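Coordinates from work-v2.cif are shown below (mmCIF, C-alpha atoms and all ligand atoms).
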data_upload
#
loop_
_atom_site.label_atom_id
_atom_site.label_comp_id
_atom_site.auth_asym_id
_atom_site.auth_seq_id
_atom_site.Cartn_x
_atom_site.Cartn_y
_atom_site.Cartn_z
CA MET A 7 0.00 0.00 0.00
CA HIS A 8 1.31 3.44 -0.85
CA HIS A 9 2.80 4.98 2.28
CA LYS A 10 0.70 8.13 2.07
CA GLU A 11 -2.41 5.96 2.21
CA GLN A 12 -0.99 3.99 5.15
CA VAL A 13 -0.51 7.24 7.07
CA ARG A 14 -4.00 8.45 6.22
CA LEU A 15 -5.52 5.21 7.48
CA MET A 16 -3.42 5.11 10.64
CA LYS A 17 -4.42 8.66 11.46
CA GLN A 18 -8.04 7.67 11.01
CA LEU A 19 -7.62 4.69 13.34
CA ILE A 20 -5.85 6.83 15.96
CA GLU A 21 -8.54 9.48 15.79
CA ARG A 22 -11.23 6.83 16.25
CA LEU A 23 -9.37 5.19 19.14
CA ASP A 24 -8.93 8.53 20.88
CA SER A 25 -12.51 9.63 20.37
CA GLY A 26 -14.07 6.22 20.99
CA SER A 27 -15.75 6.42 17.60
CA ASN A 28 -15.89 3.96 14.74
CA VAL A 29 -16.70 3.73 11.08
CA ASP A 30 -20.34 4.62 10.37
CA ALA A 31 -22.29 3.19 7.43
CA GLY A 32 -25.01 5.79 7.98
CA GLY A 33 -27.85 3.46 8.89
CA LEU A 34 -28.96 -0.10 9.55
CA PHE A 35 -29.13 -2.70 6.79
CA ILE A 36 -31.87 -5.31 6.72
CA GLN A 37 -30.68 -8.62 5.34
CA PRO A 38 -33.21 -11.36 4.46
CA THR A 39 -32.16 -14.72 5.94
CA SER A 40 -33.40 -16.47 2.80
CA THR A 41 -30.15 -15.45 1.12
CA TYR A 42 -28.49 -18.18 3.20
CA THR A 43 -31.04 -20.92 2.59
CA ASN A 44 -32.81 -20.47 -0.72
CA ARG A 45 -32.01 -23.16 -3.30
CA GLU A 46 -33.04 -21.12 -6.30
CA ARG A 47 -30.80 -18.34 -5.07
CA ALA A 48 -27.95 -20.81 -4.67
CA ARG A 49 -28.45 -21.91 -8.26
CA ARG A 50 -28.26 -18.33 -9.48
CA GLU A 51 -25.11 -17.70 -7.43
CA ARG A 52 -23.50 -20.73 -8.96
CA ASP A 53 -24.40 -19.73 -12.52
CA GLU A 54 -23.65 -16.03 -12.24
CA PHE A 55 -20.88 -15.74 -9.65
CA PHE A 56 -18.99 -19.02 -9.67
CA LEU A 57 -19.39 -20.15 -13.28
CA GLY A 58 -19.89 -16.65 -14.66
CA LEU A 59 -16.96 -14.73 -13.13
CA PRO A 60 -13.18 -15.20 -13.10
CA GLN A 61 -12.10 -17.34 -10.17
CA CYS A 62 -8.92 -16.98 -8.13
CA VAL A 63 -7.35 -20.46 -8.10
CA GLY A 64 -4.27 -19.52 -6.10
CA MET A 65 -1.20 -17.32 -6.12
CA SER A 66 1.85 -17.22 -8.33
CA GLY A 67 3.86 -19.05 -5.67
CA ASP A 68 1.61 -22.08 -6.15
CA LEU A 69 3.12 -22.47 -9.61
CA ALA A 70 6.66 -21.54 -8.71
CA GLU A 71 8.54 -23.35 -11.50
CA PRO A 72 8.02 -24.51 -15.07
CA GLY A 73 5.86 -27.64 -15.05
CA ALA A 74 4.24 -26.78 -11.71
CA PHE A 75 0.52 -27.48 -11.71
CA LEU A 76 -2.52 -27.33 -9.49
CA THR A 77 -5.98 -28.78 -9.90
CA SER A 78 -9.28 -27.50 -8.61
CA ASN A 79 -12.89 -28.55 -8.65
CA ASP A 80 -14.13 -25.89 -6.27
CA VAL A 81 -16.76 -24.47 -8.61
CA GLY A 82 -17.79 -27.78 -10.16
CA VAL A 83 -15.65 -27.47 -13.26
CA PRO A 84 -12.48 -29.58 -13.13
CA ILE A 85 -9.59 -27.18 -13.71
CA LEU A 86 -5.93 -27.91 -14.37
CA ALA A 87 -3.69 -24.85 -14.04
CA THR A 88 -0.08 -25.07 -15.19
CA ARG A 89 3.14 -23.14 -15.48
CA GLY A 90 4.43 -23.73 -18.98
CA ALA A 91 8.03 -24.39 -19.89
CA ASP A 92 8.40 -20.70 -20.76
CA GLY A 93 6.95 -19.58 -17.42
CA SER A 94 3.53 -18.70 -18.83
CA PHE A 95 0.35 -19.46 -16.93
CA HIS A 96 -2.30 -21.71 -18.52
CA ALA A 97 -5.55 -23.27 -17.44
CA PHE A 98 -7.56 -26.10 -18.95
CA ILE A 99 -10.60 -28.18 -18.32
CA ASN A 100 -9.08 -31.15 -16.55
CA SER A 101 -10.95 -33.67 -18.65
CA CYS A 102 -9.43 -35.99 -21.23
CA ARG A 103 -10.49 -35.43 -24.82
CA HIS A 104 -10.85 -39.21 -25.32
CA ARG A 105 -13.65 -40.16 -22.94
CA GLY A 106 -13.57 -37.36 -20.45
CA ALA A 107 -11.74 -38.85 -17.46
CA ILE A 108 -10.03 -36.45 -15.08
CA VAL A 109 -6.50 -36.28 -16.42
CA GLU A 110 -4.57 -35.03 -13.40
CA THR A 111 -5.85 -36.28 -10.07
CA GLU A 112 -3.19 -34.84 -7.74
CA PRO A 113 -3.97 -31.46 -6.15
CA ARG A 114 -0.56 -30.06 -7.10
CA GLY A 115 2.91 -31.03 -8.19
CA THR A 116 5.40 -30.61 -11.02
CA LYS A 117 5.29 -32.53 -14.32
CA ARG A 118 6.39 -32.18 -17.91
CA ARG A 119 3.54 -34.41 -19.14
CA PHE A 120 0.06 -35.25 -17.91
CA THR A 121 -0.99 -38.81 -18.61
CA CYS A 122 -4.67 -39.72 -18.40
CA PRO A 123 -5.04 -42.69 -16.04
CA PHE A 124 -7.73 -44.34 -18.23
CA HIS A 125 -6.02 -45.11 -21.56
CA ALA A 126 -2.86 -43.04 -21.15
CA TRP A 127 -3.39 -40.19 -23.58
CA ILE A 128 -0.65 -37.68 -22.88
CA TYR A 129 -0.79 -33.87 -22.72
CA ASP A 130 1.96 -31.33 -22.17
CA THR A 131 1.93 -28.31 -19.86
CA GLY A 132 0.50 -26.21 -22.69
CA GLY A 133 -2.43 -28.63 -22.98
CA ALA A 134 -1.32 -30.10 -26.34
CA LEU A 135 -2.17 -33.74 -26.99
CA VAL A 136 1.28 -35.24 -27.48
CA GLY A 137 0.72 -38.96 -27.16
CA ILE A 138 -1.95 -41.58 -27.97
CA PRO A 139 -1.12 -45.24 -27.28
CA LYS A 140 -1.95 -47.62 -30.13
CA LEU A 141 -2.93 -44.84 -32.45
CA GLU A 142 -3.02 -47.32 -35.32
CA HIS A 143 -5.78 -49.22 -33.47
CA PHE A 144 -7.68 -46.16 -32.34
CA GLY A 145 -8.17 -44.48 -35.70
CA ASN A 146 -7.45 -41.13 -37.25
CA ILE A 147 -7.52 -38.21 -34.90
CA ASP A 148 -6.41 -34.66 -35.46
CA THR A 149 -4.25 -34.15 -32.40
CA GLU A 150 -4.08 -30.40 -33.10
CA CYS A 151 -7.79 -30.14 -32.34
CA HIS A 152 -7.81 -32.42 -29.31
CA GLY A 153 -5.63 -30.75 -26.76
CA LEU A 154 -7.09 -30.06 -23.33
CA LYS A 155 -9.82 -27.49 -23.59
CA GLN A 156 -8.28 -24.13 -22.78
CA LEU A 157 -9.80 -21.81 -20.20
CA PRO A 158 -9.23 -18.05 -20.10
CA ALA A 159 -6.40 -17.53 -17.60
CA GLU A 160 -4.42 -14.54 -16.40
CA GLU A 161 -1.85 -14.02 -13.71
CA ARG A 162 -2.05 -10.53 -12.28
CA HIS A 163 -0.42 -9.03 -9.18
CA GLY A 164 0.64 -12.51 -8.08
CA LEU A 165 -2.90 -13.89 -8.22
CA LEU A 166 -3.95 -16.68 -10.58
CA PHE A 167 -7.32 -16.09 -12.22
CA VAL A 168 -9.20 -18.58 -14.37
CA HIS A 169 -12.59 -18.29 -15.98
CA PRO A 170 -14.34 -21.66 -15.63
CA ASN A 171 -16.19 -21.10 -18.90
CA PRO A 172 -14.01 -21.54 -22.02
CA ASN A 173 -15.95 -18.68 -23.61
CA GLY A 174 -16.05 -16.52 -20.50
CA ALA A 175 -14.68 -12.98 -20.40
CA LEU A 176 -11.75 -12.70 -18.04
CA ASP A 177 -11.97 -9.00 -17.31
CA LEU A 178 -9.64 -8.29 -14.41
CA ASP A 179 -9.84 -4.55 -14.97
CA ASP A 180 -13.49 -4.87 -14.03
CA LEU A 181 -13.06 -7.51 -11.33
CA LEU A 182 -10.31 -5.67 -9.46
CA GLY A 183 -11.13 -2.12 -10.49
CA ALA A 184 -8.63 0.69 -10.94
CA TRP A 185 -8.12 0.93 -7.18
CA PHE A 186 -6.96 -2.64 -6.51
CA ASN A 187 -5.05 -2.71 -9.77
CA ASP A 188 -3.10 0.26 -8.44
CA GLU A 189 -2.69 -0.93 -4.86
CA PHE A 190 -2.02 -4.66 -5.21
CA PRO A 191 1.41 -4.30 -6.88
CA THR A 192 2.66 -2.56 -3.73
CA TRP A 193 2.35 -5.85 -1.81
CA ASP A 194 4.52 -7.97 -4.12
CA PHE A 195 2.14 -10.93 -3.82
CA ALA A 196 3.94 -12.58 -6.73
CA ALA A 197 6.96 -13.29 -4.54
CA MET A 198 5.04 -14.98 -1.71
CA VAL A 199 5.73 -18.62 -0.96
CA PRO A 200 2.94 -21.06 -0.01
CA ILE A 201 3.44 -22.35 3.54
CA ASN A 202 0.18 -23.59 4.95
CA ARG A 203 -3.20 -24.70 3.57
CA ASP A 204 -6.35 -25.43 5.51
CA THR A 205 -9.66 -26.59 4.11
CA TYR A 206 -12.79 -26.47 6.22
CA ASP A 207 -16.04 -28.07 5.13
CA THR A 208 -18.55 -26.23 7.28
CA ALA A 209 -22.30 -26.39 7.77
CA CYS A 210 -22.98 -22.81 6.85
CA ASN A 211 -23.66 -20.90 3.66
CA TRP A 212 -20.56 -19.52 1.95
CA LYS A 213 -21.73 -15.94 2.53
CA LEU A 214 -21.95 -16.51 6.28
CA ALA A 215 -18.26 -17.42 6.10
CA MET A 216 -17.54 -14.21 4.18
CA ASP A 217 -19.63 -12.23 6.67
CA THR A 218 -17.43 -13.26 9.60
CA PHE A 219 -14.59 -11.24 8.05
CA GLY A 220 -16.75 -8.15 7.64
CA GLU A 221 -16.50 -6.37 10.99
CA THR A 222 -14.47 -6.09 14.21
CA TYR A 223 -17.55 -5.67 16.40
CA HIS A 224 -17.22 -9.31 17.48
CA PHE A 225 -13.56 -9.22 18.52
CA SER A 226 -14.20 -8.26 22.14
CA SER A 227 -16.78 -11.02 22.60
CA LEU A 228 -16.25 -14.01 20.26
CA HIS A 229 -12.45 -13.55 20.08
CA LYS A 230 -11.94 -12.18 23.61
CA ASP A 231 -9.32 -14.80 24.43
CA THR A 232 -7.63 -14.87 21.02
CA LEU A 233 -7.62 -12.06 18.44
CA PHE A 234 -8.74 -9.45 20.95
CA ASN A 235 -5.37 -9.81 22.66
CA THR A 236 -3.66 -8.43 19.55
CA PHE A 237 -6.41 -6.28 18.00
CA HIS A 238 -8.49 -3.39 19.21
CA GLY A 239 -12.12 -4.32 18.59
CA ASN A 240 -14.83 -1.85 17.68
CA VAL A 241 -12.63 0.28 15.50
CA GLN A 242 -11.69 0.01 11.84
CA CYS A 243 -11.29 1.92 8.60
CA TYR A 244 -13.44 1.16 5.62
CA ASP A 245 -13.25 2.26 1.98
CA ASP A 246 -14.99 1.19 -1.19
CA ASP A 247 -15.09 2.32 -4.80
CA ALA A 248 -18.85 2.45 -5.11
CA ASP A 249 -18.61 6.13 -6.11
CA VAL A 250 -17.02 5.04 -9.40
CA GLY A 251 -19.42 2.14 -9.83
CA GLY A 252 -16.97 -0.45 -8.49
CA HIS A 253 -17.54 -3.40 -6.22
CA SER A 254 -14.18 -3.44 -4.42
CA HIS A 255 -13.84 -2.72 -0.75
CA ARG A 256 -11.15 -2.77 1.89
CA MET A 257 -11.21 -2.76 5.66
CA ILE A 258 -8.32 -1.91 7.96
CA LEU A 259 -8.41 -3.72 11.28
CA CYS A 260 -6.51 -2.15 14.17
CA ARG A 261 -3.66 -3.97 15.88
CA ARG A 262 -2.70 -2.99 19.39
CA GLU A 263 0.82 -2.22 18.18
CA ILE A 264 -0.65 1.05 16.93
CA ASP A 265 -0.42 2.25 20.54
CA GLN A 266 3.39 2.26 20.23
CA MET A 267 3.73 3.01 16.54
CA ARG A 268 1.74 6.25 16.76
CA HIS A 269 4.63 7.78 18.72
CA LEU A 270 7.16 7.07 15.97
CA PRO A 271 7.85 9.51 13.10
CA GLU A 272 5.24 9.12 10.37
CA ASP A 273 7.77 7.89 7.84
CA GLU A 274 8.29 4.83 10.07
CA TRP A 275 4.60 4.00 10.22
CA ASP A 276 3.65 0.63 8.78
CA ILE A 277 0.02 -0.38 8.34
CA THR A 278 0.92 -4.06 8.64
CA VAL A 279 2.29 -3.44 12.13
CA ALA A 280 -0.45 -1.06 13.23
CA GLY A 281 -3.28 -2.79 11.43
CA LEU A 282 -4.42 -5.53 9.10
CA PRO A 283 -5.72 -4.67 5.62
CA VAL A 284 -8.60 -6.87 4.47
CA TYR A 285 -9.31 -6.76 0.74
CA TRP A 286 -12.51 -8.23 -0.67
CA ILE A 287 -12.57 -9.48 -4.26
CA PHE A 288 -16.12 -10.19 -5.30
CA PRO A 289 -17.66 -12.64 -4.73
CA ASN A 290 -15.66 -15.01 -2.53
CA VAL A 291 -12.06 -13.97 -2.02
CA ILE A 292 -10.45 -12.17 0.91
CA LEU A 293 -6.80 -11.17 0.97
CA MET A 294 -5.08 -10.08 4.16
CA PRO A 295 -1.47 -8.94 3.74
CA PHE A 296 0.49 -8.68 6.96
CA ARG A 297 4.08 -8.51 8.16
CA ALA A 298 5.08 -12.08 7.43
CA GLY A 299 3.08 -12.64 4.25
CA VAL A 300 -0.53 -12.83 3.16
CA PHE A 301 -3.61 -14.89 3.93
CA LEU A 302 -5.82 -15.89 1.02
CA VAL A 303 -9.32 -16.96 2.03
CA ARG A 304 -11.81 -18.38 -0.46
CA ALA A 305 -15.31 -19.68 0.21
CA TYR A 306 -17.13 -22.06 -2.14
CA PRO A 307 -20.77 -23.09 -1.93
CA ASP A 308 -21.68 -26.75 -1.66
CA ARG A 309 -23.35 -27.76 -4.91
CA ASN A 310 -26.29 -29.48 -3.25
CA ASP A 311 -26.85 -27.75 0.05
CA PRO A 312 -27.08 -23.95 0.45
CA GLY A 313 -26.33 -24.55 4.14
CA ARG A 314 -22.82 -25.90 3.50
CA HIS A 315 -19.64 -24.53 2.05
CA VAL A 316 -15.93 -25.19 1.84
CA SER A 317 -13.42 -22.57 2.92
CA ARG A 318 -9.84 -22.62 1.78
CA ILE A 319 -7.50 -20.64 4.02
CA ASP A 320 -4.00 -20.45 2.59
CA PHE A 321 -0.99 -18.68 4.02
CA TYR A 322 1.88 -17.43 1.87
CA MET A 323 5.10 -16.13 3.33
CA LYS A 324 7.49 -13.39 2.29
CA PRO A 325 10.47 -15.08 0.63
CA GLU A 326 13.07 -13.19 2.67
CA LEU A 327 11.68 -14.87 5.79
CA GLN A 328 11.81 -18.29 4.21
CA ASN A 329 15.37 -17.65 3.14
CA ALA A 330 16.51 -16.50 6.57
CA THR A 331 19.64 -18.26 7.78
CA GLY A 332 21.44 -18.52 11.08
CA PRO A 333 20.10 -19.37 14.51
CA GLU A 334 17.00 -17.19 14.15
CA ALA A 335 15.81 -19.03 11.03
CA LEU A 336 14.20 -21.89 12.95
CA GLU A 337 12.56 -19.45 15.30
CA ILE A 338 11.13 -17.49 12.36
CA GLN A 339 9.80 -20.68 10.78
CA GLU A 340 8.11 -21.77 14.01
CA PHE A 341 6.65 -18.32 14.54
CA ILE A 342 5.21 -18.27 11.05
CA GLN A 343 3.79 -21.75 11.30
CA THR A 344 2.13 -20.76 14.56
CA ILE A 345 0.60 -17.69 12.93
CA ALA A 346 -0.62 -19.60 9.92
CA GLN A 347 -2.21 -22.45 11.82
CA GLY A 348 -3.37 -20.33 14.74
CA PHE A 349 -5.23 -17.94 12.49
CA ALA A 350 -6.98 -20.67 10.53
CA GLU A 351 -7.93 -22.47 13.73
CA ILE A 352 -9.49 -19.32 15.17
CA ILE A 353 -11.61 -19.02 12.05
CA ARG A 354 -12.62 -22.68 12.32
CA ASP A 355 -13.15 -22.84 16.07
CA GLU A 356 -14.68 -19.44 16.68
CA ASP A 357 -15.97 -17.68 13.54
CA TYR A 358 -17.30 -20.72 11.71
CA VAL A 359 -18.93 -22.06 14.87
CA MET A 360 -21.00 -18.88 14.76
CA GLY A 361 -21.60 -19.44 11.05
CA GLU A 362 -23.05 -22.86 11.80
CA SER A 363 -25.20 -21.50 14.58
CA GLN A 364 -26.53 -18.77 12.27
CA GLN A 365 -27.22 -21.37 9.59
CA THR A 366 -29.13 -23.59 12.03
CA ALA A 367 -31.39 -20.68 12.87
CA ALA A 368 -31.73 -19.58 9.23
CA ASN A 369 -32.71 -23.12 8.21
CA SER A 370 -35.53 -23.06 10.76
CA GLY A 371 -37.04 -20.04 9.05
CA ALA A 372 -37.67 -18.51 12.47
CA LEU A 373 -36.24 -15.11 11.53
CA ASP A 374 -37.04 -13.57 8.20
CA HIS A 375 -34.21 -11.06 8.46
CA ILE A 376 -31.07 -10.16 10.37
CA ILE A 377 -29.49 -6.72 10.88
CA PHE A 378 -26.14 -5.25 9.88
CA GLY A 379 -25.17 -2.31 12.08
CA ARG A 380 -23.77 1.10 11.19
CA ASN A 381 -20.41 -0.30 12.34
CA GLU A 382 -20.53 -3.15 9.78
CA PRO A 383 -20.21 -1.29 6.46
CA ALA A 384 -18.37 -4.10 4.66
CA LEU A 385 -21.44 -6.27 5.16
CA HIS A 386 -23.70 -3.53 3.78
CA HIS A 387 -21.53 -3.13 0.73
CA TYR A 388 -21.00 -6.83 0.15
CA HIS A 389 -24.67 -7.74 0.31
CA ALA A 390 -25.81 -4.64 -1.57
CA THR A 391 -23.32 -5.51 -4.34
CA TYR A 392 -24.54 -9.10 -4.31
CA ALA A 393 -28.16 -7.96 -4.59
CA ARG A 394 -27.37 -5.48 -7.35
CA LYS A 395 -25.58 -8.10 -9.40
CA LEU A 396 -28.53 -10.46 -9.11
CA SER A 397 -31.00 -7.62 -9.78
CA LEU A 398 -32.56 -8.06 -6.37
CA GLY A 399 -34.04 -5.20 -4.42
CA VAL A 400 -32.23 -3.74 -1.42
CA GLU A 401 -34.14 -2.13 1.40
CA PRO A 402 -33.03 1.45 2.15
CA LEU A 403 -30.87 1.92 5.25
CA LEU A 404 -32.91 2.58 8.37
CA ASP A 405 -32.27 4.87 11.32
CA THR A 406 -34.11 2.60 13.70
CA VAL A 407 -35.32 -0.96 13.55
S1 LIG B 501 -10.35 -41.17 -21.15
FE1 LIG B 501 -8.35 -40.39 -21.10
S2 LIG B 501 -7.21 -41.74 -22.29
FE2 LIG B 501 -9.20 -42.54 -22.41
FE FE B 502 -13.77 -13.27 13.56
#

Output the file's structure as structure tokens, nothing else.
Ligand code: FES
Ligand SMILES: [Fe+2]
Amino acid sequence: MHHKEQVRLMKQLIERLDSGSNVDAGGLFIQPTSTYTNRERARRERDEFFLGLPQCVGMSGDLAEPGAFLTSNDVGVPILATRGADGSFHAFINSCRHRGAIVETEPRGTKRRFTCPFHAWIYDTGGALVGIPKLEHFGNIDTECHGLKQLPAEERHGLLFVHPNPNGALDLDDLLGAWFNDEFPTWDFAAMVPINRDTYDTACNWKLAMDTFGETYHFSSLHKDTLFNTFHGNVQCYDDDADVGGHSHRMILCRREIDQMRHLPEDEWDITVAGLPVYWIFPNVILMPFRAGVFLVRAYPDRNDPGRHVSRIDFYMKPELQNATGPEALEIQEFIQTIAQGFAEIIRDEDYVMGESQQTAANSGALDHIIFGRNEPALHHYHATYARKLSLGVEPLLDTV
């Protein structure tokens, strides 16, 4: 993040801490609980958001070397993403052009060739069909036309984006907006090294998982013995680009280290020491850069049950920390592992427990709506954006409910 912006945000946090104030969305937002339970809605989300938008399948560090690959079936389309011999990023439908079997079944690895386990057709990292056993028995086939089906793919700012529809438009200028396209390069995400991956299959709608990241109001209660020790609750910064028609938004959470850092000269201020930036990429990605690296959180709906989802919580580390040598290296490694696992476990054991409890109540139909407060603007923006994109109505903000 540009330093001038870091200083602006830290000053805002300090002013709010000193005055006991917080961000103010200007009113109360009424959110229908059916958004978490409705099957028809879930079908539309799948078609329009998960099959109809570019998906983040990982970060550049996941494909660190030529031949590196990863596979994904998170949105119901089998995807094989590769790093070609020339370093370029590709993505394909991970389905053999013979009879459709999944070609690569490992989640990740490094290969020069992908051999289908069924009859051993062979593809290279660029998706070309380069081998067919017993071709003279099989019959004539134009191998040029029977490579793996290519998917639109682009690597930008260290993030790997794939459109799950071969004919889909991969418009990252629109997805990220001018703001994130300007700010993301300052984090050098491309250099980050994958360290830890957690996957949680949880009995709550994917948006309830996203919602848990959308405010700090709960830190002093739900996280009183964990995150509240290192973060001030009930204070944050919030910005979005709605004024230019965008859908991006960013929160800044407030670390307690701000209490010391505020006394340093401004040119020594560091938002990753004093706070935690939380970027939202619509519809299901959250990025949180911090001192040691970045957390990438993605939430995917279950294909059959609106009340279930899978969260992927991946931690990537700054390379200079990984490359540390000397006696402190082991200590750094242990510290980072503790951060990575500790953070994911808090999400699982605290936030997602609330998600499941909310889902249980939503499934009962007992409440027809819930309320997002003035201090929860990310939730306003997220759900208003969601509603706008599905052409649903949004109730006006209320002063009192
Ligand atoms: S289905 Fe892949 S080789 Fe036959
Ligand atoms: Fe939380």

Can I get the residues of chain A within 6 Å of ligand LIG 501 (chain B), each with the closest pair of atoms and their distance in Å to one decimal, using all atoms listed in the file, sorted chain first then ascending number, as a tab-separated table?
residue	atom	partner	partner_atom	distance
A:Cys102	CA	B:LIG501	FE1	4.5
A:His104	CA	B:LIG501	S1	4.6
A:Arg105	CA	B:LIG501	S1	3.9
A:Gly106	CA	B:LIG501	S1	5.0
A:Ala107	CA	B:LIG501	S1	4.6
A:Cys122	CA	B:LIG501	FE1	4.6
A:Phe124	CA	B:LIG501	FE2	4.8
A:His125	CA	B:LIG501	S2	3.6
A:Ala126	CA	B:LIG501	S2	4.7
A:Trp127	CA	B:LIG501	S2	4.3

Report task. Select the residues contacting ligand FE 502 (chain B) at a distance of at most 7 Å, based on all atoms listed in the file, then format the selection as an MDAnalysis selection string. Result -> chainID A and resid 218:219 224:225 229 353 356:357

Query raised in the report: Smallest atom-to-atom distance to A:Gly371: which of A:Val168, A:Met198, A:Ser40, A:Phe144, using all atoms listed in the file?
Result: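 Comparing A:Val168, A:Met198, A:Ser40, A:Phe144 against A:Gly371, the winner is A:Ser40.
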
Requested in this report: Give the answer as one residue: which of A:Leu141, A:Gln37, A:Thr331, A:Leu165 has the shortest atom-to-atom distance to A:Ala368, using only C-alpha atoms?
Outcome: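 Closest to A:Ala368 of all the choices is A:Gln37.
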
Requested in this report: Find the residues around A:Leu214 up to 9 Å (all atoms listed in the file counted), leave out those fewer than 2 positions away in its own chain, and share them as a PyMOL selection string.
Outcome: chain A and resi 42+210-212+216-218+358+360-362+364-365

For those residues, write C-alpha atoms to a file as a JSON list (two decimals), keeping the file's coordinate frame.
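Listing of out_8.json after writing:
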[["chain", "number", "residue", "atom", "x", "y", "z"],
["A", 42, "TYR", "CA", -28.49, -18.18, 3.20],
["A", 210, "CYS", "CA", -22.98, -22.81, 6.85],
["A", 211, "ASN", "CA", -23.66, -20.90, 3.66],
["A", 212, "TRP", "CA", -20.56, -19.52, 1.95],
["A", 216, "MET", "CA", -17.54, -14.21, 4.18],
["A", 217, "ASP", "CA", -19.63, -12.23, 6.67],
["A", 218, "THR", "CA", -17.43, -13.26, 9.60],
["A", 358, "TYR", "CA", -17.30, -20.72, 11.71],
["A", 360, "MET", "CA", -21.00, -18.88, 14.76],
["A", 361, "GLY", "CA", -21.60, -19.44, 11.05],
["A", 362, "GLU", "CA", -23.05, -22.86, 11.80],
["A", 364, "GLN", "CA", -26.53, -18.77, 12.27],
["A", 365, "GLN", "CA", -27.22, -21.37, 9.59]]

**Report entry** Atom-to-atom span, atom CA of A:Thr232 and atom CA of A:Arg314, Å
**Finding:**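 About the pair atom CA of A:Thr232 and atom CA of A:Arg314: they are 25.7 Å apart.
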
Report task. Find, counting all atoms listed in the file, the residue in A:Phe237, A:Trp286, A:Phe190, A:Phe120 that gets nearest to A:Met257. Result ->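 Of A:Phe237, A:Trp286, A:Phe190, A:Phe120, the one nearest A:Met257 is A:Trp286, counting all atoms listed in the file.
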
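Among the candidates A:Arg304, A:His152, A:Arg297, A:Arg309, the residue lying nearest to A:Ile345 is A:Arg297 (atoms considered: all atoms listed in the file).
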
Report summary line: Between A:Gly299, A:Gly332, A:Pro158, A:Pro271, smallest distance to A:Val13 by all atoms listed in the file belongs to A:Pro271

Query - atom CA of A:Tyr322 to atom CA of A:Glu382, straight-line distance in Å - result: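 Atom CA of A:Tyr322 lies 27.7 Å from atom CA of A:Glu382.
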
Report summary line: Separating atom CA of A:Gln156 from atom CA of A:Pro113, to the nearest tenth of an Å, is a gap of 18.7 Å

Report task. Quick one: residues within 12 Å of (-22.7, -19.7, -12.8) (file frame), counting only C-alpha atoms, please, as a list in words. Result ->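 With a cut-off of 12 Å, the residues come to Arg47, Ala48, Arg49, Arg50, Glu51, Arg52, Asp53, Glu54, Phe55, Phe56, Leu57, Gly58, Leu59, Pro60, Gln61, Val81, Gly82, Val83, His169, Pro170, Asn171, Gly174, Pro289, Pro307, Arg309 and Leu396 of chain A.
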
Report task. Tell me which of A:Arg45, A:Arg14, A:His163, A:Arg119 sits closest to A:Cys243, counting all atoms listed in the file. Result ->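 Ranking A:Arg45, A:Arg14, A:His163, A:Arg119 by distance to A:Cys243, first place goes to A:Arg14.
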
**Report entry** Test item: residues at most 8 Å from A:Asn381, all atoms listed in the file, excluding those fewer than 3 positions along its chain, as an MDAnalysis selection string
**Finding:** chainID A and resid 28:31 221 223 240 378

Requested in this report: Give as an MDAnalysis selection string the set of residues within 12 Å of the point (-20.6, -2.0, -7.4), where distances use the file's coordinates and all atoms listed in the file.
Outcome: chainID A and resid 180:183 246:255 287:289 386:396

Report, as AutoDock Vina command-line options, the centre and edge lengths in Å (one decimal) of the axis-aligned box enclosing every listed atom of stretch 78-97 of chain A, padded by 6 Å on each side.
--center_x -4.7 --center_y -24.1 --center_z -13.5 --size_x 38.2 --size_y 22.9 --size_z 26.5

Query raised in the report: A:Arg318: which residues within 9 Å, counting all atoms listed in the file, same-chain residues fewer than 2 positions away excluded, as a list in words?
Result: Arg203, Asp204, Thr205, Tyr206, Asp207, Leu302, Val303, Arg304, Ala305, Tyr306, Val316 and Asp320 of chain A

Based on the selection just made, write C-alpha atoms of those residues as a short mmCIF file (atom, residue, chain, number, x, y, z; two decimals), in the coordinates of the input.
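The result, written out as again-v9.cif:
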data_model
loop_
_atom_site.label_atom_id
_atom_site.label_comp_id
_atom_site.auth_asym_id
_atom_site.auth_seq_id
_atom_site.Cartn_x
_atom_site.Cartn_y
_atom_site.Cartn_z
CA ARG A 203 -3.20 -24.70 3.57
CA ASP A 204 -6.35 -25.43 5.51
CA THR A 205 -9.66 -26.59 4.11
CA TYR A 206 -12.79 -26.47 6.22
CA ASP A 207 -16.04 -28.07 5.13
CA LEU A 302 -5.82 -15.89 1.02
CA VAL A 303 -9.32 -16.96 2.03
CA ARG A 304 -11.81 -18.38 -0.46
CA ALA A 305 -15.31 -19.68 0.21
CA TYR A 306 -17.13 -22.06 -2.14
CA VAL A 316 -15.93 -25.19 1.84
CA ASP A 320 -4.00 -20.45 2.59
#

Report task. Could you give me, as number ranges by chain, the residues within 8 Å of A:Ile377, counting all atoms listed in the file and dropping anything in the same chain fewer than 3 positions from it? Result -> A: 34-37

Requested in this report: Write out as JSON, numbers by chain each polymer residue whose atoms come within 10 Å of A:Gln12, counting only C-alpha atoms; drop sequence neighbours fewer than 3 positions from it.
Outcome: {"A": [7, 8, 9, 15, 16, 17, 18, 258, 272, 273, 275, 276, 277, 278, 280, 281, 283]}
